[in-house]
$ cat upload.csv   # CSV, C-alpha atoms and all ligand atoms
chain,number,residue,atom,x,y,z
O,1,MET,CA,-67.6,1.6,-54.8
O,2,GLN,CA,-71.1,2.6,-54.0
O,3,ASP,CA,-72.4,2.6,-50.5
O,4,PRO,CA,-76.0,1.6,-49.5
O,5,PHE,CA,-77.1,5.2,-49.9
O,6,GLY,CA,-75.9,5.5,-53.5
O,7,ARG,CA,-72.8,7.5,-52.7
O,8,THR,CA,-69.7,6.8,-54.8
O,9,ILE,CA,-66.7,6.3,-52.5
O,10,ASP,CA,-63.5,7.3,-54.3
O,11,TYR,CA,-61.5,9.3,-51.7
O,12,LEU,CA,-59.3,7.8,-49.0
O,13,ARG,CA,-57.8,9.7,-46.1
O,14,LEU,CA,-54.8,7.8,-44.9
O,15,SER,CA,-53.4,8.6,-41.5
O,16,VAL,CA,-49.7,7.6,-41.4
O,17,THR,CA,-49.0,8.5,-37.8
O,18,ASP,CA,-50.8,9.6,-34.6
O,19,ARG,CA,-47.8,11.7,-33.5
O,20,CYS,CA,-47.5,15.4,-33.9
O,21,ASN,CA,-44.9,18.2,-33.4
O,22,LEU,CA,-47.7,20.7,-32.3
O,23,ARG,CA,-50.4,20.7,-29.7
O,24,CYS,CA,-53.2,22.7,-31.2
O,25,ARG,CA,-55.7,23.6,-28.5
O,26,TYR,CA,-58.7,22.5,-30.6
O,27,CYS,CA,-57.1,19.2,-31.4
O,28,MET,CA,-55.0,18.0,-28.5
O,29,PRO,CA,-54.8,18.4,-24.8
O,30,LEU,CA,-51.6,20.1,-23.4
O,31,HIS,CA,-49.7,16.9,-22.6
O,32,GLY,CA,-50.7,15.2,-25.8
O,33,VAL,CA,-52.3,11.8,-25.8
O,34,PRO,CA,-50.6,8.4,-25.3
O,35,SER,CA,-48.9,7.5,-28.6
O,36,LEU,CA,-49.5,4.2,-30.4
O,37,GLU,CA,-46.7,1.7,-30.0
O,38,HIS,CA,-44.3,1.6,-33.0
O,39,HIS,CA,-45.4,-1.9,-33.9
O,40,ASP,CA,-49.1,-0.9,-33.9
O,41,ILE,CA,-48.6,1.6,-36.7
O,42,LEU,CA,-49.0,0.3,-40.2
O,43,ARG,CA,-45.6,-0.2,-42.0
O,44,TYR,CA,-45.2,1.4,-45.4
O,45,GLU,CA,-45.7,-1.9,-47.2
O,46,GLU,CA,-48.9,-2.4,-45.4
O,47,LEU,CA,-50.1,1.2,-46.2
O,48,VAL,CA,-49.4,0.5,-49.8
O,49,ARG,CA,-51.3,-2.7,-49.8
O,50,VAL,CA,-54.3,-1.0,-48.2
O,51,VAL,CA,-54.2,1.8,-50.8
O,52,ALA,CA,-53.7,-0.6,-53.6
O,53,ALA,CA,-56.8,-2.5,-52.5
O,54,ALA,CA,-58.8,0.7,-52.2
O,55,CYS,CA,-57.7,1.8,-55.7
O,56,ARG,CA,-58.8,-1.6,-57.1
O,57,LEU,CA,-62.2,-0.8,-55.5
O,58,GLY,CA,-62.4,2.6,-57.1
O,59,VAL,CA,-60.5,5.1,-54.9
O,60,ARG,CA,-58.9,7.8,-57.1
O,61,LYS,CA,-57.7,10.3,-54.5
O,62,VAL,CA,-55.6,9.7,-51.4
O,63,ARG,CA,-54.9,12.3,-48.8
O,64,ILE,CA,-51.9,11.6,-46.5
O,65,THR,CA,-52.6,12.9,-43.0
O,66,GLY,CA,-52.0,12.3,-39.3
O,67,GLY,CA,-51.0,13.4,-36.6
O,68,GLU,CA,-48.4,15.3,-38.5
O,69,PRO,CA,-47.5,13.2,-41.5
O,70,LEU,CA,-44.2,14.9,-42.1
O,71,VAL,CA,-42.8,13.7,-38.7
O,72,ARG,CA,-42.8,10.2,-40.1
O,73,ARG,CA,-39.6,9.4,-42.0
O,74,GLY,CA,-39.8,8.5,-45.6
O,75,ILE,CA,-43.1,10.0,-46.6
O,76,ALA,CA,-41.8,11.0,-50.1
O,77,LYS,CA,-41.0,7.3,-50.7
O,78,LEU,CA,-44.6,6.4,-49.7
O,79,VAL,CA,-45.9,9.0,-52.1
O,80,ALA,CA,-43.8,7.6,-54.9
O,81,GLU,CA,-45.2,4.1,-54.3
O,82,LEU,CA,-48.8,5.3,-54.2
O,83,VAL,CA,-48.7,7.4,-57.4
O,84,ALA,CA,-47.1,4.4,-59.1
O,85,LEU,CA,-50.1,2.1,-58.5
O,86,PRO,CA,-51.8,1.0,-61.7
O,87,GLN,CA,-54.8,3.3,-61.1
O,88,GLN,CA,-52.4,6.3,-60.6
O,89,PRO,CA,-54.4,7.9,-57.8
O,90,GLU,CA,-54.0,11.6,-57.1
O,91,VAL,CA,-51.9,11.9,-53.9
O,92,VAL,CA,-52.2,15.0,-51.7
O,93,LEU,CA,-51.2,15.8,-48.1
O,94,THR,CA,-52.4,17.8,-45.2
O,95,THR,CA,-49.7,19.2,-42.9
O,96,ASN,CA,-49.1,21.8,-40.2
O,97,GLY,CA,-46.3,23.0,-42.5
O,98,LEU,CA,-43.5,23.0,-39.8
O,99,LEU,CA,-41.3,20.5,-41.7
O,100,LEU,CA,-42.5,21.4,-45.2
O,101,ALA,CA,-39.7,23.7,-46.3
O,102,GLU,CA,-37.2,20.9,-45.9
O,103,GLN,CA,-39.4,18.2,-47.6
O,104,ALA,CA,-41.3,20.1,-50.3
O,105,ALA,CA,-38.9,19.4,-53.1
O,106,ASP,CA,-38.7,15.6,-52.4
O,107,LEU,CA,-42.5,15.4,-52.1
O,108,LYS,CA,-42.9,17.1,-55.4
O,109,ALA,CA,-40.3,14.9,-57.0
O,110,ALA,CA,-42.1,11.8,-55.6
O,111,GLY,CA,-45.3,12.8,-57.4
O,112,LEU,CA,-47.3,14.6,-54.7
O,113,SER,CA,-49.9,16.8,-56.4
O,114,ARG,CA,-50.4,19.5,-53.7
O,115,VAL,CA,-50.6,20.3,-50.0
O,116,ASN,CA,-53.2,21.7,-47.6
O,117,ILE,CA,-51.5,23.6,-44.9
O,118,SER,CA,-53.3,24.2,-41.6
O,119,LEU,CA,-52.7,27.7,-40.4
O,120,ASP,CA,-55.1,29.5,-38.0
O,121,THR,CA,-53.3,32.8,-37.4
O,122,LEU,CA,-50.8,35.1,-39.1
O,123,ARG,CA,-49.5,36.4,-35.8
O,124,ALA,CA,-46.6,34.8,-34.1
O,125,ASP,CA,-47.9,35.3,-30.5
O,126,ARG,CA,-51.2,33.8,-31.4
O,127,PHE,CA,-49.5,30.9,-33.2
O,128,GLN,CA,-47.7,30.1,-30.0
O,129,THR,CA,-50.9,30.4,-28.0
O,130,MET,CA,-52.8,28.1,-30.3
O,131,THR,CA,-50.2,25.4,-31.0
O,132,ARG,CA,-48.3,25.8,-27.6
O,133,SER,CA,-45.2,26.0,-29.8
O,134,GLU,CA,-43.2,28.5,-31.8
O,135,GLY,CA,-43.0,28.1,-35.6
O,136,LEU,CA,-45.0,30.5,-37.6
O,137,GLU,CA,-41.9,31.5,-39.6
O,138,LYS,CA,-41.2,27.9,-40.4
O,139,VAL,CA,-44.8,27.4,-41.6
O,140,MET,CA,-44.5,30.5,-43.8
O,141,ALA,CA,-41.2,29.2,-45.2
O,142,GLY,CA,-42.9,25.9,-45.8
O,143,ILE,CA,-45.7,27.6,-47.8
O,144,GLU,CA,-43.1,29.5,-49.8
O,145,ALA,CA,-41.1,26.3,-50.5
O,146,ALA,CA,-44.3,24.4,-51.6
O,147,GLU,CA,-45.2,27.1,-53.9
O,148,LYS,CA,-41.8,27.3,-55.4
O,149,VAL,CA,-41.5,23.6,-56.2
O,150,GLY,CA,-45.0,23.6,-57.7
O,151,LEU,CA,-47.2,21.9,-55.1
O,152,ARG,CA,-50.1,24.1,-56.3
O,153,PRO,CA,-52.6,25.4,-55.7
O,154,ILE,CA,-51.5,26.0,-52.1
O,155,LYS,CA,-54.6,25.5,-49.9
O,156,LEU,CA,-54.6,27.0,-46.4
O,157,ASN,CA,-57.0,25.6,-43.8
O,158,MET,CA,-58.1,28.1,-41.2
O,159,ILE,CA,-60.5,27.4,-38.3
O,160,PRO,CA,-62.2,30.6,-37.1
O,161,LEU,CA,-62.7,30.7,-33.4
O,162,LYS,CA,-64.4,33.3,-31.3
O,163,ASN,CA,-62.1,35.5,-29.1
O,164,PHE,CA,-59.1,34.0,-30.8
O,165,ASN,CA,-58.6,34.6,-34.5
O,166,GLU,CA,-62.0,35.8,-35.8
O,167,ASP,CA,-60.5,39.2,-36.3
O,168,GLU,CA,-58.1,37.7,-38.8
O,169,LEU,CA,-60.7,36.5,-41.2
O,170,LEU,CA,-60.3,39.4,-43.5
O,171,ASP,CA,-56.4,39.2,-43.3
O,172,PHE,CA,-56.6,35.6,-44.5
O,173,ALA,CA,-59.1,36.5,-47.2
O,174,ARG,CA,-56.9,39.3,-48.4
O,175,LEU,CA,-54.0,36.8,-49.0
O,176,THR,CA,-56.0,35.6,-52.1
O,177,LEU,CA,-55.8,39.1,-53.7
O,178,ASP,CA,-52.1,38.6,-54.5
O,179,HIS,CA,-51.6,34.9,-54.3
O,180,ASP,CA,-53.3,32.2,-56.3
O,181,TRP,CA,-53.9,30.3,-53.0
O,182,GLU,CA,-57.1,28.8,-51.8
O,183,VAL,CA,-57.9,30.0,-48.3
O,184,ARG,CA,-60.4,27.7,-46.7
O,185,PHE,CA,-62.4,28.6,-43.6
O,186,ILE,CA,-63.4,25.4,-41.9
O,187,GLU,CA,-66.0,25.0,-39.2
O,188,PHE,CA,-64.7,23.9,-35.8
O,189,MET,CA,-65.8,20.4,-34.9
O,190,PRO,CA,-66.4,19.7,-31.2
O,191,ILE,CA,-64.9,16.2,-31.3
O,192,SER,CA,-63.4,15.7,-27.9
O,193,ALA,CA,-64.6,16.8,-24.4
O,194,ASP,CA,-61.3,17.7,-22.8
O,195,LEU,CA,-60.1,20.4,-25.2
O,196,ASP,CA,-59.9,24.1,-24.6
O,197,TYR,CA,-62.7,24.8,-27.1
O,198,VAL,CA,-66.3,23.8,-27.1
O,199,SER,CA,-68.8,24.0,-30.0
O,200,SER,CA,-70.1,27.5,-29.1
O,201,ASP,CA,-66.5,28.7,-29.7
O,202,GLY,CA,-66.7,28.1,-33.4
O,203,VAL,CA,-67.6,31.0,-35.7
O,204,ALA,CA,-70.7,30.0,-37.8
O,205,MET,CA,-69.9,29.8,-41.5
O,206,ALA,CA,-72.9,32.1,-42.3
O,207,ASP,CA,-71.2,34.7,-40.1
O,208,VAL,CA,-67.8,34.1,-41.9
O,209,GLU,CA,-69.5,34.7,-45.3
O,210,GLN,CA,-71.2,37.9,-44.0
O,211,ARG,CA,-67.9,39.3,-42.8
O,212,LEU,CA,-66.1,38.4,-46.1
O,213,HIS,CA,-68.7,40.6,-48.0
O,214,ARG,CA,-67.1,43.6,-46.2
O,215,LEU,CA,-64.0,43.2,-48.3
O,216,GLY,CA,-65.8,44.1,-51.5
O,217,LYS,CA,-67.4,42.0,-54.2
O,218,LEU,CA,-67.4,38.4,-53.2
O,219,GLU,CA,-68.4,36.4,-56.3
O,220,PRO,CA,-69.8,32.9,-55.6
O,221,LEU,CA,-68.3,30.3,-58.0
O,222,PRO,CA,-70.2,27.3,-59.3
O,223,HIS,CA,-69.8,24.1,-57.3
O,224,GLU,CA,-67.2,22.0,-59.1
O,225,GLU,CA,-67.3,18.3,-59.0
O,226,GLY,CA,-64.7,17.1,-56.6
O,227,ALA,CA,-64.6,20.4,-54.7
O,228,GLY,CA,-66.0,18.4,-51.7
O,229,GLN,CA,-67.8,20.4,-49.1
O,230,ALA,CA,-66.5,23.8,-50.0
O,231,LYS,CA,-68.6,26.7,-51.1
O,232,MET,CA,-66.2,28.7,-53.3
O,233,TYR,CA,-65.9,32.4,-53.8
O,234,ARG,CA,-63.5,34.9,-55.4
O,235,LEU,CA,-62.9,38.4,-54.3
O,236,SER,CA,-63.2,40.8,-57.2
O,237,GLY,CA,-59.9,40.8,-59.1
O,238,ALA,CA,-58.2,38.3,-56.7
O,239,LEU,CA,-55.7,35.7,-58.0
O,240,GLY,CA,-56.8,33.1,-55.5
O,241,LEU,CA,-60.0,31.6,-54.1
O,242,ILE,CA,-61.9,31.5,-50.8
O,243,GLY,CA,-63.6,28.3,-49.6
O,244,VAL,CA,-66.2,28.3,-46.8
O,245,ILE,CA,-66.7,24.8,-45.3
O,246,PRO,CA,-69.5,24.3,-42.9
O,247,SER,CA,-68.4,20.7,-42.1
O,248,VAL,CA,-70.8,20.2,-39.3
O,249,SER,CA,-73.8,22.6,-40.0
O,250,GLY,CA,-73.7,22.1,-43.7
O,251,HIS,CA,-75.0,18.5,-43.7
O,252,PHE,CA,-72.9,17.4,-46.6
O,253,CYS,CA,-73.3,13.8,-45.7
O,254,ALA,CA,-75.3,13.1,-48.8
O,255,GLU,CA,-72.2,14.0,-50.9
O,256,CYS,CA,-69.7,12.3,-48.7
O,257,ASN,CA,-67.2,10.2,-50.8
O,258,ARG,CA,-64.7,9.4,-48.1
O,259,LEU,CA,-63.2,6.5,-46.3
O,260,ARG,CA,-60.6,6.9,-43.5
O,261,VAL,CA,-57.8,4.6,-42.5
O,262,THR,CA,-56.2,5.3,-39.1
O,263,ALA,CA,-52.5,4.9,-38.4
O,264,ASP,CA,-53.1,1.6,-36.6
O,265,GLY,CA,-54.9,0.2,-39.5
O,266,ARG,CA,-58.6,0.6,-38.8
O,267,VAL,CA,-60.9,1.6,-41.6
O,268,ARG,CA,-63.7,4.1,-40.7
O,269,GLY,CA,-66.6,5.1,-42.9
O,270,CYS,CA,-67.3,8.3,-41.0
O,271,LEU,CA,-65.3,10.8,-38.9
O,272,PHE,CA,-68.2,11.0,-36.5
O,273,ASP,CA,-69.0,7.3,-36.2
O,274,ASN,CA,-67.1,4.9,-34.0
O,275,CYS,CA,-67.6,1.9,-36.2
O,276,GLU,CA,-64.1,0.7,-37.2
O,277,ILE,CA,-62.9,-2.4,-39.0
O,278,ASP,CA,-59.5,-3.8,-38.3
O,279,LEU,CA,-57.3,-4.2,-41.4
O,280,LYS,CA,-54.1,-4.8,-39.5
O,281,GLN,CA,-55.0,-8.2,-38.2
O,282,VAL,CA,-55.7,-9.5,-41.7
O,283,LEU,CA,-52.6,-7.7,-43.1
O,284,ARG,CA,-50.4,-9.4,-40.5
O,285,ASN,CA,-51.9,-12.8,-40.4
O,286,GLY,CA,-51.4,-13.8,-44.0
O,287,GLY,CA,-54.7,-12.4,-45.4
O,288,ASP,CA,-54.6,-12.0,-49.1
O,289,ASP,CA,-55.5,-8.9,-51.1
O,290,ALA,CA,-59.1,-10.1,-51.6
O,291,ALA,CA,-59.5,-10.2,-47.9
O,292,VAL,CA,-58.3,-6.6,-47.5
O,293,GLU,CA,-60.7,-5.6,-50.3
O,294,ARG,CA,-63.6,-7.3,-48.5
O,295,LEU,CA,-62.9,-5.4,-45.3
O,296,LEU,CA,-62.7,-2.0,-47.1
O,297,ALA,CA,-66.0,-2.9,-48.9
O,298,GLY,CA,-67.5,-3.8,-45.5
O,299,ALA,CA,-66.6,-0.3,-44.2
O,300,VAL,CA,-68.3,1.2,-47.2
O,301,CYS,CA,-71.4,-0.8,-46.5
O,302,ALA,CA,-71.4,0.3,-42.9
O,303,LYS,CA,-71.0,4.0,-43.7
O,304,PRO,CA,-73.8,5.8,-41.9
O,305,GLU,CA,-76.2,7.9,-43.9
O,306,LYS,CA,-75.4,11.0,-41.9
O,307,HIS,CA,-73.5,12.0,-38.8
O,308,GLN,CA,-75.3,12.8,-35.6
O,309,ILE,CA,-73.0,15.7,-34.5
O,310,GLY,CA,-74.8,18.9,-34.0
O,311,THR,CA,-78.1,17.2,-33.3
O,312,GLY,CA,-77.4,16.5,-29.7
O,313,GLY,CA,-74.3,18.7,-29.3
O,314,PHE,CA,-71.4,16.5,-28.6
O,315,CYS,CA,-70.5,13.4,-30.5
O,316,SER,CA,-67.5,12.0,-28.5
O,317,PRO,CA,-66.1,9.6,-31.0
O,318,SER,CA,-63.7,6.9,-29.7
O,319,ARG,CA,-60.7,8.8,-31.1
O,320,ARG,CA,-59.4,12.3,-31.4
O,321,MET,CA,-59.0,14.3,-34.6
O,322,GLN,CA,-55.3,13.7,-34.5
O,323,GLY,CA,-55.9,10.0,-34.2
O,324,ILE,CA,-58.2,9.8,-37.2
O,325,GLY,CA,-56.6,12.3,-39.5
O,326,GLY,CA,-59.2,15.1,-39.6
F,401,LIG,N1,-51.3,17.8,-38.5
F,401,LIG,C1,-51.8,18.0,-39.8
F,401,LIG,C2,-52.5,19.4,-39.8
F,401,LIG,O1,-52.7,20.0,-38.8
F,401,LIG,O2,-52.7,19.8,-40.9
F,401,LIG,C3,-52.8,17.0,-40.3
F,401,LIG,C4,-53.7,16.3,-39.3
F,401,LIG,S1,-54.9,17.4,-38.6
F,401,LIG,C5,-55.8,16.4,-37.5
F,401,LIG,C6,-56.0,17.6,-40.0
F,401,LIG,C7,-56.9,18.8,-40.0
F,401,LIG,O3,-57.8,18.6,-39.0
F,401,LIG,C8,-56.2,20.1,-39.8
F,401,LIG,O4,-56.5,21.0,-40.9
F,401,LIG,C9,-56.8,20.6,-38.5
F,401,LIG,O5,-56.9,22.0,-38.5
F,401,LIG,C10,-58.1,19.9,-38.5
F,401,LIG,N2,-58.7,19.8,-37.2
F,401,LIG,C11,-58.2,19.3,-36.0
F,401,LIG,N3,-59.0,19.4,-35.0
F,401,LIG,C12,-60.1,20.0,-35.5
F,401,LIG,C13,-61.4,20.4,-34.9
F,401,LIG,N4,-61.7,20.1,-33.7
F,401,LIG,N5,-62.3,20.9,-35.8
F,401,LIG,C14,-62.1,21.1,-37.1
F,401,LIG,N6,-60.9,20.8,-37.7
F,401,LIG,C15,-59.9,20.3,-36.9
F,402,LIG,FE1,-51.1,18.3,-34.7
F,402,LIG,FE2,-52.6,18.9,-36.8
F,402,LIG,FE3,-53.8,18.3,-34.4
F,402,LIG,FE4,-52.5,20.6,-34.7
F,402,LIG,S1,-54.3,20.0,-35.9
F,402,LIG,S2,-52.2,19.2,-33.0
F,402,LIG,S3,-50.8,20.1,-36.1
F,402,LIG,S4,-52.6,16.9,-35.7

$ encode --input "upload.csv" --output "structure tokens"
Amino acid sequence: MQDPFGRTIDYLRLSVTDRCNLRCRYCMPLHGVPSLEHHDILRYEELVRVVAAACRLGVRKVRITGGEPLVRRGIAKLVAELVALPQQPEVVLTTNGLLLAEQAADLKAAGLSRVNISLDTLRADRFQTMTRSEGLEKVMAGIEAAEKVGLRPIKLNMIPLKNFNEDELLDFARLTLDHDWEVRFIEFMPISADLDYVSSDGVAMADVEQRLHRLGKLEPLPHEEGAGQAKMYRLSGALGLIGVIPSVSGHFCAECNRLRVTADGRVRGCLFDNCEIDLKQVLRNGGDDAAVERLLAGAVCAKPEKHQIGTGGFCSPSRRMQGIGG
């Protein structure tokens, strides 16, 4: 699928639930947000129909996300159905890792390629502060289990924030010396107004790069096709890689290849644009596969050329990050 600006759209981020077992301060307010009603969330057969239609239109990579995808029962079965589609899409998943240790083997057996694990601190007390929950040990066990069953390479997503975890940048980077993991530093996105962090709390990615240089030789790696927005580096002699992802300031819109589907069945062309097209109505009212394809293609046509976040500060989309899937 090509959009009106000549971008090839081949990557679908599929949110399978809006629920989450954590309350990260940069993503959700303390008391959470009203959950979708059970019947509003797409059923597995509906999710498979949406992905099948997207694959017929050219999607080749599907990321399962949420909320926390692993709180929804039967994710491994969904993975198995998605990888069995005729186009054999690559299926990956983003998780907070809390339930990964118990599900890693089933996910691998189902055909999941790999996982991104969101982890913002290596310190138990800070983990509790950020997520309003205990669980660092479980996340670490999840990483170990994922590695053991071969969900590789392990990718860790870390959001550097001033006065919270910026002093752990080098600790995270050092993980790559002995592990063939990809540690990805991701720019904080000021997506909702009622959170504990505002845009000035994010650490600029230029600053992150400068600090990484302190660890010794930081070799820039050539941009690989499919690497998305990440600028990649390797520390001299390291087994793993470091990614620096200026999601907001980097203006990567010209390379954006994504579509997003929310748990309640709306397709969005851009994280930072409120235009949504309702797939669920068509799925539940007897619409055929061609109708689903037309709606997905419509979302591709409506994909904005670039996001407006950062130009006027706040973007205030109609949903939160946990409601869209990040
Ligand atoms: N619960 C899963 C997790 O945390 O990995 C998947 C959903 S979460 C919404 C997807 C990604 O969005 C996570 O890596 C998370 O760190 C990121 N995220 C959430 N709020 C963010 C924000 N305000 N700025 C940047 N990234 C954010
Ligand atoms: Fe949940 Fe992920 Fe949001 Fe944290 S970032 S509250 S784990 S959805």

$ residues_around --input "upload.csv" --residues "Leu156 in chain O" --least-positions-apart "6" --cutoff "9 Å" --atoms "all atoms listed in the file" --output "ChimeraX atom specification"
/O:115-120,181-185

$ residues_near_ligand --input "upload.csv" --ligand "ligand LIG 401 (chain F)" --cutoff "6 Å" --atoms "all atoms listed in the file" --output "PDB file with C-alpha atoms, in the coordinates of the input"
ATOM      1  CA  TYR O  26     -58.700  22.500 -30.600  1.00  0.00           C
ATOM      2  CA  CYS O  27     -57.100  19.200 -31.400  1.00  0.00           C
ATOM      3  CA  THR O  65     -52.600  12.900 -43.000  1.00  0.00           C
ATOM      4  CA  GLY O  66     -52.000  12.300 -39.300  1.00  0.00           C
ATOM      5  CA  GLY O  67     -51.000  13.400 -36.600  1.00  0.00           C
ATOM      6  CA  GLU O  68     -48.400  15.300 -38.500  1.00  0.00           C
ATOM      7  CA  THR O  94     -52.400  17.800 -45.200  1.00  0.00           C
ATOM      8  CA  THR O  95     -49.700  19.200 -42.900  1.00  0.00           C
ATOM      9  CA  ASN O  96     -49.100  21.800 -40.200  1.00  0.00           C
ATOM     10  CA  ILE O 117     -51.500  23.600 -44.900  1.00  0.00           C
ATOM     11  CA  SER O 118     -53.300  24.200 -41.600  1.00  0.00           C
ATOM     12  CA  ASN O 157     -57.000  25.600 -43.800  1.00  0.00           C
ATOM     13  CA  GLU O 187     -66.000  25.000 -39.200  1.00  0.00           C
ATOM     14  CA  PHE O 188     -64.700  23.900 -35.800  1.00  0.00           C
ATOM     15  CA  MET O 189     -65.800  20.400 -34.900  1.00  0.00           C
ATOM     16  CA  PRO O 190     -66.400  19.700 -31.200  1.00  0.00           C
ATOM     17  CA  ILE O 191     -64.900  16.200 -31.300  1.00  0.00           C
ATOM     18  CA  MET O 321     -59.000  14.300 -34.600  1.00  0.00           C
ATOM     19  CA  GLN O 322     -55.300  13.700 -34.500  1.00  0.00           C
ATOM     20  CA  GLY O 325     -56.600  12.300 -39.500  1.00  0.00           C
ATOM     21  CA  GLY O 326     -59.200  15.100 -39.600  1.00  0.00           C
TER      22      GLY O 326
END

$ residues_around --input "upload.csv" --residues "Arg174 in chain O" --least-positions-apart "4" --cutoff "9 Å" --atoms "only C-alpha atoms" --output "ChimeraX atom specification"
/O:169-170,178,215,235,238

$ closest_residue --input "upload.csv" --among "O:Ala230, O:Ala263, O:Leu82, O:Leu283" --to "Ser35 in chain O" --atoms "only C-alpha atoms"
O:Ala263

$ residues_around --input "upload.csv" --residues "range 110-114 of chain O" --least-positions-apart "3" --cutoff "10 Å" --atoms "all atoms listed in the file" --output "ChimeraX atom specification"
/O:63-64,75-84,90-94,104-107,117,146-147,150-155

$ closest_residue --input "upload.csv" --among "O:Ala109, O:Leu70, O:Val48, O:Leu175" --to "ligand LIG 402 (chain F)" --atoms "all atoms listed in the file"
O:Leu70

$ decode --input "upload.csv" --residues "range 130-146 of chain O" --atoms "N, CA and C atoms" --output "mmCIF file, in the first residue's frame"
data_model
loop_
_atom_site.group_PDB
_atom_site.id
_atom_site.type_symbol
_atom_site.label_atom_id
_atom_site.label_comp_id
_atom_site.auth_asym_id
_atom_site.auth_seq_id
_atom_site.Cartn_x
_atom_site.Cartn_y
_atom_site.Cartn_z
ATOM 1 N N MET O 130 7.856 4.375 39.352
ATOM 2 C CA MET O 130 7.385 4.652 37.992
ATOM 3 C C MET O 130 6.092 3.924 37.643
ATOM 4 N N THR O 131 6.024 2.627 38.039
ATOM 5 C CA THR O 131 4.888 1.811 37.578
ATOM 6 C C THR O 131 3.776 1.750 38.623
ATOM 7 N N ARG O 132 4.052 2.295 39.810
ATOM 8 C CA ARG O 132 3.139 2.234 40.959
ATOM 9 C C ARG O 132 2.843 0.782 41.317
ATOM 10 N N SER O 133 3.861 -0.065 41.129
ATOM 11 C CA SER O 133 3.667 -1.498 41.320
ATOM 12 C C SER O 133 5.017 -2.165 41.555
ATOM 13 N N GLU O 134 5.002 -3.318 42.197
ATOM 14 C CA GLU O 134 6.254 -4.062 42.288
ATOM 15 C C GLU O 134 6.391 -4.923 41.050
ATOM 16 N N GLY O 135 7.581 -5.463 40.820
ATOM 17 C CA GLY O 135 7.636 -6.401 39.702
ATOM 18 C C GLY O 135 8.928 -6.433 38.907
ATOM 19 N N LEU O 136 9.942 -5.677 39.329
ATOM 20 C CA LEU O 136 11.178 -5.682 38.537
ATOM 21 C C LEU O 136 11.729 -7.104 38.389
ATOM 22 N N GLU O 137 11.659 -7.879 39.483
ATOM 23 C CA GLU O 137 12.195 -9.251 39.403
ATOM 24 C C GLU O 137 11.460 -10.070 38.361
ATOM 25 N N LYS O 138 10.159 -9.884 38.310
ATOM 26 C CA LYS O 138 9.365 -10.635 37.318
ATOM 27 C C LYS O 138 9.758 -10.230 35.901
ATOM 28 N N VAL O 139 9.982 -8.928 35.701
ATOM 29 C CA VAL O 139 10.375 -8.466 34.363
ATOM 30 C C VAL O 139 11.724 -9.082 33.983
ATOM 31 N N MET O 140 12.658 -9.079 34.948
ATOM 32 C CA MET O 140 13.974 -9.642 34.651
ATOM 33 C C MET O 140 13.847 -11.142 34.340
ATOM 34 N N ALA O 141 12.962 -11.824 35.063
ATOM 35 C CA ALA O 141 12.737 -13.251 34.776
ATOM 36 C C ALA O 141 12.115 -13.415 33.391
ATOM 37 N N GLY O 142 11.274 -12.475 33.021
ATOM 38 C CA GLY O 142 10.647 -12.518 31.691
ATOM 39 C C GLY O 142 11.691 -12.358 30.590
ATOM 40 N N ILE O 143 12.627 -11.444 30.806
ATOM 41 C CA ILE O 143 13.689 -11.223 29.810
ATOM 42 C C ILE O 143 14.508 -12.508 29.663
ATOM 43 N N GLU O 144 14.835 -13.089 30.821
ATOM 44 C CA GLU O 144 15.643 -14.322 30.799
ATOM 45 C C GLU O 144 14.896 -15.440 30.060
ATOM 46 N N ALA O 145 13.605 -15.568 30.361
ATOM 47 C CA ALA O 145 12.816 -16.636 29.722
ATOM 48 C C ALA O 145 12.722 -16.416 28.220
ATOM 49 N N ALA O 146 12.522 -15.157 27.814
ATOM 50 C CA ALA O 146 12.390 -14.855 26.387
ATOM 51 C C ALA O 146 13.692 -15.201 25.665
#
